[in-house]
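> I have a structure here, written as structure tokens, and I will follow up with some questions on it.
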Amino acid sequence: MTASLIRPFAALRPSAERAAEVAAPPYDVLSSEEARERAAGKPWSFLHVSKPEIDLPPETDPHAPAVYAKGAENLARMRSAGVLLRDPVPGYYVYRLAMGTHVQTGLAVAASVAAYDTNRIRKHEFTRPDKEDDRVRNIEALNAETGPVLLAYPESPEIDALIAGVSAGEPEFDLVADTGVRHTVWKADDFAIIEAFTRAFEALPALYIADGHHRSAAASRVAAARRAAGAGPGASHEAFLAVAFPHHEMQILPYNRLVADLNGLSVEAFLDAVAEKFDVSSAAAAVAPALPGEFGMLLGAQWYRLAIKANFVPAGDPVARLDVSLLADHLLAPVLGIADPRRDERIDFVGGIRGLAELERRVAGGEAVLAFSMFPTRMADLMAVADALEVMPPKSTWFEPKLADGPLSHVLD
């Protein structure tokens, strides 16, 4: 019998009065120096676990064995001090994120490694071996998964109703992180509710990784290694920490582009080349694209609105018809000579949460001569790419708000 898509787990989590002190941004959104500054004077910040190099000399390699050992030491210290407590019984955890007017409410689960391995939990990105190795060492050192994978589930009124029912009660904790994002968590440990959640998820055709490809790949590697060493098939390493949100509630912000130069072209020649495949019009103010296939372009101090000509949008190809692909295939590569945006140092990427003012600031400051504002990738497009077993182009999605590290961890017994 195959494992269920999800299973309940006994979370390691902060006491209610310590939750705000513990919650920290995801490990991969801060540099070591930023994390060191963020955690200064905060002994219970989860950054001491997720970025433990901050407690070692500044010149320490973040991937040195001493760093992983320090993370394990700090986690043990937080547990022994009663700042982190292990729930006595397994359950699911309803998890709400609120950022400004945006609210999304999902379910924290232990997601099946087998479902990930067989692509029922679907991917849309390549992973890098070095980043996978880092997460494997982190999991093994802590004997826990502390960074949740962000998942999306397709339309399910039954799951939505179950979540709404649990979130009508009193939360375990309700905190506002230093990012301004509100994190509220309720526990569902009633047997009937647990069974209802498990059945409802089992009825889904698939789950979709939104963010956390390296964390999920690392969990799969840890499970395979422990299996090979003789661990039992029902052990906790056969599932990984995740929070699944309804796809229609998730928010993807644009991932904008900066380009260092015009590839040797004059402004006139560049604009003429762009006009071959895009309708180009000047704009009096910053352009935030309102529709797929539309782009803002900042050249010097002048904004333009670009619209891809309809005959250049391919039908039936879920990757090639993405806005990030259309810009890459019809402008960045043929006009600007940027054929591999993963490696070309002439292009940089700016998460949409920084806004169009960040593009204007960096162009005005001479860091780039050209910027493009993007229409955000839609969840339906991401799911279509994953369903086709394809891979998104680099820097296609920027999810906000982000889950915190620290509120819920999955201990590998």
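Chain identifiers are assigned as A, B, and so on, following the order in which chains appear in the structure tokens; residues are numbered from 1 within each chain, and ligands are numbered from 1 in order of appearance.
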Do a neighbour search on Thr179 in chain A at 10 Å with only C-alpha atoms, toss out local chain neighbours closer than 4 positions, and write the hits as a PyMOL selection string.

chain A and resi 24-25+99+401-402+404

> Those selected residues, please, written with C-alpha atoms and delivered as a short mmCIF file (atom, residue, chain, number, x, y, z; two decimals), in the first residue's frame.


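Result file is part_23.cif:
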```cif
data_model
loop_
_atom_site.label_atom_id
_atom_site.label_comp_id
_atom_site.auth_asym_id
_atom_site.auth_seq_id
_atom_site.Cartn_x
_atom_site.Cartn_y
_atom_site.Cartn_z
CA ALA A 24 12.82 34.30 11.54
CA PRO A 25 12.95 34.82 7.77
CA MET A 99 0.66 40.75 4.59
CA PRO A 401 4.44 36.52 1.89
CA LYS A 402 7.02 33.95 2.89
CA ALA A 404 8.95 31.81 8.63
#
```

> May I ask which of the residues A:Leu107, A:Ala290, A:Ala35, A:Ala380 is the closest one to Pro58 in chain A, counting only C-alpha atoms?

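Using only C-alpha atoms, the shortest distance to Pro58 in chain A belongs to A:Ala35.
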
> Neighbours of Leu382 in chain A within 9 Å (only C-alpha atoms; same-chain residues fewer than 5 positions away dropped), as a list in words?

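Near Leu382 in chain A, the qualifying residues are His124, Tyr208, Ala210, Pro318, Val319, Thr377, Asp387, Met392 and Thr397 of chain A.
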
> When DSSP is applied to the backbone of this structure, which of range 168-306 of chain A are assigned alpha helix (DSSP H)? Write them out as a ChimeraX atom specification.

/A:191-202,213-228,267-275

> Which residue is closest to Val324 in chain A? Choose from A:Val29, A:Val274, A:Ala20, A:Met374 and count only C-alpha atoms.

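With only C-alpha atoms as the atom set, the closest residue is A:Met374.
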
> Can you work out which one of A:Leu291, A:Leu336, A:Ala10, A:Ala152 has the shortest atom-to-atom distance to Glu249 in chain A, counting only C-alpha atoms?

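Counting only C-alpha atoms, the residue closest to Glu249 in chain A is A:Ala152.
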
> Given only C-alpha atoms as the basis, pick out the residue of A:Lys187, A:Ser373, A:Ala206, A:Met78 nearest to Ala386 in chain A.

A:Ala206

> Hey, which of A:Glu155, A:Glu132, A:Glu358, A:Glu170 ends up closest to Gly212 in chain A? Count only C-alpha atoms.

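Counting only C-alpha atoms, the residue closest to Gly212 in chain A is A:Glu132.
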
> Can you list, as a PDB file with N, CA and C atoms, in the first residue's frame, every protein, DNA or RNA residue that comes within 12 Å of range 215-220 of chain A when you count only C-alpha atoms, leaving out same-chain residues fewer than 3 positions away?


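For reference, result07.pdb as written:
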```
ATOM      1  N   PRO A  26      13.147  32.986   6.164  1.00  0.00           N
ATOM      2  CA  PRO A  26      13.754  31.769   5.627  1.00  0.00           C
ATOM      3  C   PRO A  26      15.272  31.909   5.516  1.00  0.00           C
ATOM      4  N   TYR A  27      15.970  30.791   5.684  1.00  0.00           N
ATOM      5  CA  TYR A  27      17.434  30.802   5.723  1.00  0.00           C
ATOM      6  C   TYR A  27      18.063  31.392   4.462  1.00  0.00           C
ATOM      7  N   ASP A  28      17.365  31.277   3.334  1.00  0.00           N
ATOM      8  CA  ASP A  28      17.989  31.642   2.061  1.00  0.00           C
ATOM      9  C   ASP A  28      17.633  33.038   1.570  1.00  0.00           C
ATOM     10  N   ALA A 110       3.266  16.832   7.153  1.00  0.00           N
ATOM     11  CA  ALA A 110       4.435  16.059   6.759  1.00  0.00           C
ATOM     12  C   ALA A 110       4.083  15.439   5.405  1.00  0.00           C
ATOM     13  N   ALA A 111       4.732  15.920   4.351  1.00  0.00           N
ATOM     14  CA  ALA A 111       4.391  15.513   2.980  1.00  0.00           C
ATOM     15  C   ALA A 111       5.221  14.297   2.572  1.00  0.00           C
ATOM     16  N   SER A 112       4.615  13.434   1.811  1.00  0.00           N
ATOM     17  CA  SER A 112       5.207  12.146   1.465  1.00  0.00           C
ATOM     18  C   SER A 112       6.427  12.285   0.559  1.00  0.00           C
ATOM     19  N   VAL A 113       7.567  11.724   0.995  1.00  0.00           N
ATOM     20  CA  VAL A 113       8.748  11.660   0.142  1.00  0.00           C
ATOM     21  C   VAL A 113       8.461  10.787  -1.085  1.00  0.00           C
ATOM     22  N   ALA A 114       7.727   9.697  -0.890  1.00  0.00           N
ATOM     23  CA  ALA A 114       7.399   8.823  -2.026  1.00  0.00           C
ATOM     24  C   ALA A 114       6.606   9.576  -3.085  1.00  0.00           C
ATOM     25  N   ALA A 115       5.691  10.444  -2.653  1.00  0.00           N
ATOM     26  CA  ALA A 115       4.925  11.233  -3.618  1.00  0.00           C
ATOM     27  C   ALA A 115       5.825  12.218  -4.346  1.00  0.00           C
ATOM     28  N   TYR A 116       6.809  12.762  -3.643  1.00  0.00           N
ATOM     29  CA  TYR A 116       7.788  13.646  -4.297  1.00  0.00           C
ATOM     30  C   TYR A 116       8.604  12.854  -5.315  1.00  0.00           C
ATOM     31  N   ASP A 117       9.074  11.670  -4.918  1.00  0.00           N
ATOM     32  CA  ASP A 117       9.928  10.862  -5.789  1.00  0.00           C
ATOM     33  C   ASP A 117       9.205  10.412  -7.051  1.00  0.00           C
ATOM     34  N   THR A 118       7.887  10.227  -6.968  1.00  0.00           N
ATOM     35  CA  THR A 118       7.106   9.777  -8.123  1.00  0.00           C
ATOM     36  C   THR A 118       6.403  10.932  -8.848  1.00  0.00           C
ATOM     37  N   ASN A 119       6.731  12.151  -8.442  1.00  0.00           N
ATOM     38  CA  ASN A 119       6.235  13.375  -9.079  1.00  0.00           C
ATOM     39  C   ASN A 119       4.755  13.644  -8.852  1.00  0.00           C
ATOM     40  N   ILE A 121       4.020  15.030  -6.049  1.00  0.00           N
ATOM     41  CA  ILE A 121       4.360  16.377  -5.583  1.00  0.00           C
ATOM     42  C   ILE A 121       5.293  16.939  -6.636  1.00  0.00           C
ATOM     43  N   ARG A 122       4.794  17.874  -7.404  1.00  0.00           N
ATOM     44  CA  ARG A 122       5.418  18.232  -8.680  1.00  0.00           C
ATOM     45  C   ARG A 122       6.381  19.401  -8.558  1.00  0.00           C
ATOM     46  N   LYS A 123       7.425  19.330  -9.364  1.00  0.00           N
ATOM     47  CA  LYS A 123       8.510  20.306  -9.351  1.00  0.00           C
ATOM     48  C   LYS A 123       8.409  21.197 -10.586  1.00  0.00           C
ATOM     49  N   GLU A 125      11.465  23.459 -11.041  1.00  0.00           N
ATOM     50  CA  GLU A 125      12.795  24.057 -11.094  1.00  0.00           C
ATOM     51  C   GLU A 125      13.870  22.982 -11.075  1.00  0.00           C
ATOM     52  N   PHE A 126      15.027  23.315 -11.689  1.00  0.00           N
ATOM     53  CA  PHE A 126      16.217  22.510 -11.482  1.00  0.00           C
ATOM     54  C   PHE A 126      16.787  22.845 -10.100  1.00  0.00           C
ATOM     55  N   THR A 127      17.497  21.898  -9.516  1.00  0.00           N
ATOM     56  CA  THR A 127      18.197  22.167  -8.259  1.00  0.00           C
ATOM     57  C   THR A 127      19.700  22.116  -8.501  1.00  0.00           C
ATOM     58  N   ARG A 128      20.435  22.786  -7.615  1.00  0.00           N
ATOM     59  CA  ARG A 128      21.894  22.790  -7.686  1.00  0.00           C
ATOM     60  C   ARG A 128      22.443  21.816  -6.661  1.00  0.00           C
ATOM     61  N   PRO A 129      23.376  20.945  -7.062  1.00  0.00           N
ATOM     62  CA  PRO A 129      23.912  19.952  -6.131  1.00  0.00           C
ATOM     63  C   PRO A 129      24.501  20.567  -4.861  1.00  0.00           C
ATOM     64  N   ASP A 130      25.185  21.714  -4.977  1.00  0.00           N
ATOM     65  CA  ASP A 130      25.806  22.299  -3.789  1.00  0.00           C
ATOM     66  C   ASP A 130      24.751  22.767  -2.787  1.00  0.00           C
ATOM     67  N   LYS A 131      23.639  23.307  -3.282  1.00  0.00           N
ATOM     68  CA  LYS A 131      22.583  23.754  -2.376  1.00  0.00           C
ATOM     69  C   LYS A 131      21.832  22.567  -1.778  1.00  0.00           C
ATOM     70  N   GLU A 132      21.679  21.499  -2.563  1.00  0.00           N
ATOM     71  CA  GLU A 132      21.106  20.266  -2.003  1.00  0.00           C
ATOM     72  C   GLU A 132      21.997  19.718  -0.898  1.00  0.00           C
ATOM     73  N   ASP A 133      23.310  19.678  -1.155  1.00  0.00           N
ATOM     74  CA  ASP A 133      24.250  19.158  -0.167  1.00  0.00           C
ATOM     75  C   ASP A 133      24.143  19.935   1.146  1.00  0.00           C
ATOM     76  N   ASP A 134      24.026  21.246   1.044  1.00  0.00           N
ATOM     77  CA  ASP A 134      23.907  22.082   2.239  1.00  0.00           C
ATOM     78  C   ASP A 134      22.682  21.697   3.050  1.00  0.00           C
ATOM     79  N   ARG A 135      21.543  21.525   2.388  1.00  0.00           N
ATOM     80  CA  ARG A 135      20.311  21.180   3.114  1.00  0.00           C
ATOM     81  C   ARG A 135      20.379  19.759   3.684  1.00  0.00           C
ATOM     82  N   VAL A 136      21.031  18.836   2.980  1.00  0.00           N
ATOM     83  CA  VAL A 136      21.193  17.478   3.515  1.00  0.00           C
ATOM     84  C   VAL A 136      21.997  17.535   4.808  1.00  0.00           C
ATOM     85  N   ARG A 137      23.111  18.269   4.792  1.00  0.00           N
ATOM     86  CA  ARG A 137      23.945  18.373   6.001  1.00  0.00           C
ATOM     87  C   ARG A 137      23.174  19.039   7.131  1.00  0.00           C
ATOM     88  N   ASN A 138      22.362  20.027   6.788  1.00  0.00           N
ATOM     89  CA  ASN A 138      21.567  20.724   7.792  1.00  0.00           C
ATOM     90  C   ASN A 138      20.567  19.765   8.445  1.00  0.00           C
ATOM     91  N   ILE A 139      19.838  19.002   7.640  1.00  0.00           N
ATOM     92  CA  ILE A 139      18.838  18.070   8.181  1.00  0.00           C
ATOM     93  C   ILE A 139      19.508  17.015   9.051  1.00  0.00           C
ATOM     94  N   GLU A 140      20.620  16.478   8.557  1.00  0.00           N
ATOM     95  CA  GLU A 140      21.293  15.414   9.313  1.00  0.00           C
ATOM     96  C   GLU A 140      21.860  15.947  10.625  1.00  0.00           C
ATOM     97  N   ASN A 143      18.822  16.668  12.840  1.00  0.00           N
ATOM     98  CA  ASN A 143      17.857  15.562  12.883  1.00  0.00           C
ATOM     99  C   ASN A 143      16.435  16.128  12.848  1.00  0.00           C
ATOM    100  N   ALA A 144      16.265  17.141  12.025  1.00  0.00           N
ATOM    101  CA  ALA A 144      14.962  17.813  11.905  1.00  0.00           C
ATOM    102  C   ALA A 144      14.948  18.626  10.619  1.00  0.00           C
ATOM    103  N   GLU A 145      13.746  18.851  10.139  1.00  0.00           N
ATOM    104  CA  GLU A 145      13.533  19.767   9.010  1.00  0.00           C
ATOM    105  C   GLU A 145      12.897  21.025   9.579  1.00  0.00           C
ATOM    106  N   THR A 146      13.593  22.131   9.435  1.00  0.00           N
ATOM    107  CA  THR A 146      13.169  23.368  10.083  1.00  0.00           C
ATOM    108  C   THR A 146      12.692  24.429   9.099  1.00  0.00           C
ATOM    109  N   GLY A 147      12.902  24.224   7.829  1.00  0.00           N
ATOM    110  CA  GLY A 147      12.428  25.174   6.823  1.00  0.00           C
ATOM    111  C   GLY A 147      11.321  24.538   6.010  1.00  0.00           C
ATOM    112  N   PRO A 148      10.072  24.997   6.167  1.00  0.00           N
ATOM    113  CA  PRO A 148       8.971  24.346   5.446  1.00  0.00           C
ATOM    114  C   PRO A 148       9.023  24.594   3.945  1.00  0.00           C
ATOM    115  N   VAL A 149       8.650  23.581   3.184  1.00  0.00           N
ATOM    116  CA  VAL A 149       8.482  23.711   1.737  1.00  0.00           C
ATOM    117  C   VAL A 149       7.109  24.342   1.488  1.00  0.00           C
ATOM    118  N   LEU A 150       7.057  25.302   0.602  1.00  0.00           N
ATOM    119  CA  LEU A 150       5.802  25.969   0.252  1.00  0.00           C
ATOM    120  C   LEU A 150       5.149  25.204  -0.891  1.00  0.00           C
ATOM    121  N   LEU A 151       3.945  24.668  -0.634  1.00  0.00           N
ATOM    122  CA  LEU A 151       3.206  23.894  -1.628  1.00  0.00           C
ATOM    123  C   LEU A 151       1.907  24.607  -1.994  1.00  0.00           C
ATOM    124  N   TYR A 208       1.875  20.915  -5.678  1.00  0.00           N
ATOM    125  CA  TYR A 208       2.846  21.629  -6.495  1.00  0.00           C
ATOM    126  C   TYR A 208       3.817  22.402  -5.610  1.00  0.00           C
ATOM    127  N   ILE A 209       5.113  22.177  -5.813  1.00  0.00           N
ATOM    128  CA  ILE A 209       6.102  22.950  -5.070  1.00  0.00           C
ATOM    129  C   ILE A 209       6.108  24.368  -5.623  1.00  0.00           C
ATOM    130  N   ALA A 210       5.870  25.327  -4.754  1.00  0.00           N
ATOM    131  CA  ALA A 210       5.980  26.730  -5.132  1.00  0.00           C
ATOM    132  C   ALA A 210       7.378  27.242  -4.815  1.00  0.00           C
ATOM    133  N   ASP A 211       7.846  26.944  -3.598  1.00  0.00           N
ATOM    134  CA  ASP A 211       9.175  27.366  -3.166  1.00  0.00           C
ATOM    135  C   ASP A 211       9.707  26.293  -2.237  1.00  0.00           C
ATOM    136  N   GLY A 212      10.980  25.939  -2.390  1.00  0.00           N
ATOM    137  CA  GLY A 212      11.567  24.919  -1.534  1.00  0.00           C
ATOM    138  C   GLY A 212      12.040  23.687  -2.283  1.00  0.00           C
ATOM    139  N   ALA A 223      16.008  10.596   3.182  1.00  0.00           N
ATOM    140  CA  ALA A 223      15.161   9.411   3.307  1.00  0.00           C
ATOM    141  C   ALA A 223      15.790   8.210   2.615  1.00  0.00           C
ATOM    142  N   ALA A 224      16.342   8.432   1.421  1.00  0.00           N
ATOM    143  CA  ALA A 224      16.962   7.327   0.682  1.00  0.00           C
ATOM    144  C   ALA A 224      18.160   6.773   1.444  1.00  0.00           C
ATOM    145  N   ALA A 225      18.956   7.673   2.027  1.00  0.00           N
ATOM    146  CA  ALA A 225      20.134   7.221   2.773  1.00  0.00           C
ATOM    147  C   ALA A 225      19.734   6.432   4.020  1.00  0.00           C
ATOM    148  N   ARG A 226      18.714   6.897   4.720  1.00  0.00           N
ATOM    149  CA  ARG A 226      18.285   6.198   5.931  1.00  0.00           C
ATOM    150  C   ARG A 226      17.615   4.869   5.584  1.00  0.00           C
ATOM    151  N   ARG A 227      16.906   4.861   4.470  1.00  0.00           N
ATOM    152  CA  ARG A 227      16.294   3.612   4.011  1.00  0.00           C
ATOM    153  C   ARG A 227      17.388   2.586   3.705  1.00  0.00           C
ATOM    154  N   SER A 236       9.711   8.681  10.284  1.00  0.00           N
ATOM    155  CA  SER A 236       9.394  10.082  10.010  1.00  0.00           C
ATOM    156  C   SER A 236      10.221  10.672   8.876  1.00  0.00           C
ATOM    157  N   HIS A 237      11.377  10.072   8.571  1.00  0.00           N
ATOM    158  CA  HIS A 237      12.172  10.611   7.465  1.00  0.00           C
ATOM    159  C   HIS A 237      11.506  10.386   6.106  1.00  0.00           C
ATOM    160  N   GLU A 238      10.442   9.589   6.059  1.00  0.00           N
ATOM    161  CA  GLU A 238       9.740   9.364   4.797  1.00  0.00           C
ATOM    162  C   GLU A 238       8.758  10.484   4.465  1.00  0.00           C
ATOM    163  N   ALA A 239       8.788  11.558   5.245  1.00  0.00           N
ATOM    164  CA  ALA A 239       7.941  12.719   4.978  1.00  0.00           C
ATOM    165  C   ALA A 239       8.739  13.978   5.287  1.00  0.00           C
ATOM    166  N   PHE A 240       8.366  15.093   4.666  1.00  0.00           N
ATOM    167  CA  PHE A 240       9.098  16.341   4.880  1.00  0.00           C
ATOM    168  C   PHE A 240       8.137  17.473   5.234  1.00  0.00           C
ATOM    169  N   LEU A 241       8.674  18.445   5.941  1.00  0.00           N
ATOM    170  CA  LEU A 241       7.883  19.564   6.425  1.00  0.00           C
ATOM    171  C   LEU A 241       7.415  20.442   5.268  1.00  0.00           C
ATOM    172  N   ALA A 242       6.112  20.712   5.227  1.00  0.00           N
ATOM    173  CA  ALA A 242       5.556  21.536   4.151  1.00  0.00           C
ATOM    174  C   ALA A 242       4.305  22.239   4.644  1.00  0.00           C
ATOM    175  N   HIS A 410       9.889  19.842  11.953  1.00  0.00           N
ATOM    176  CA  HIS A 410       9.559  18.420  11.851  1.00  0.00           C
ATOM    177  C   HIS A 410      10.768  17.620  12.324  1.00  0.00           C
ATOM    178  N   LEU A 412      12.940  14.347  13.063  1.00  0.00           N
ATOM    179  CA  LEU A 412      13.075  13.004  12.507  1.00  0.00           C
ATOM    180  C   LEU A 412      13.390  12.054  13.664  1.00  0.00           C
TER     181      LEU A 412
END
```

> What lies within 12 Å of Gly316 in chain A using only C-alpha atoms, ignoring chain neighbours under 4 positions off, as a PyMOL selection string?

chain A and resi 320-322+381+384-385+388

> Among range 99-151 of chain A, which ones does DSSP place in strand (DSSP E or B), written as a list in words?

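The strand (DSSP E or B) residues within range 99-151 of chain A come out as Met99, His102, Val103, Gln104, Thr105, Gly106, Leu107, Ala108, Val109, Ala110, Ala111, Ser112, Ile121, Arg122, Ala144, Glu145, Val149, Leu150 and Leu151 of chain A.
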
> How about saving the chosen residues, C-alpha atoms kept, as a tab-separated table (two decimals), in the first residue's frame?


```
chain	number	residue	atom	x	y	z
A	99	MET	CA	0.66	40.75	4.59
A	102	HIS	CA	-3.38	39.80	1.37
A	103	VAL	CA	-4.34	36.72	3.41
A	104	GLN	CA	-3.72	33.04	2.65
A	105	THR	CA	-4.52	30.09	4.90
A	106	GLY	CA	-3.11	26.62	4.41
A	107	LEU	CA	-2.18	23.41	6.21
A	108	ALA	CA	1.20	22.42	7.66
A	109	VAL	CA	1.81	18.73	7.04
A	110	ALA	CA	4.43	16.06	6.76
A	111	ALA	CA	4.39	15.51	2.98
A	112	SER	CA	5.21	12.15	1.47
A	121	ILE	CA	4.36	16.38	-5.58
A	122	ARG	CA	5.42	18.23	-8.68
A	144	ALA	CA	14.96	17.81	11.91
A	145	GLU	CA	13.53	19.77	9.01
A	149	VAL	CA	8.48	23.71	1.74
A	150	LEU	CA	5.80	25.97	0.25
A	151	LEU	CA	3.21	23.89	-1.63
```

> What separation in Å, quoted to one decimal, exists between CA of Leu306 in chain A and CA of Gly293 in chain A?

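Result for CA of Leu306 in chain A versus CA of Gly293 in chain A: 8.3 Å, one decimal.
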
> Using only C-alpha atoms, which residue out of A:Pro171, A:Pro205, A:Gly100, A:Pro52 lies closest to Arg120 in chain A?

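The shortest atom-to-atom distance to Arg120 in chain A comes from A:Pro205.
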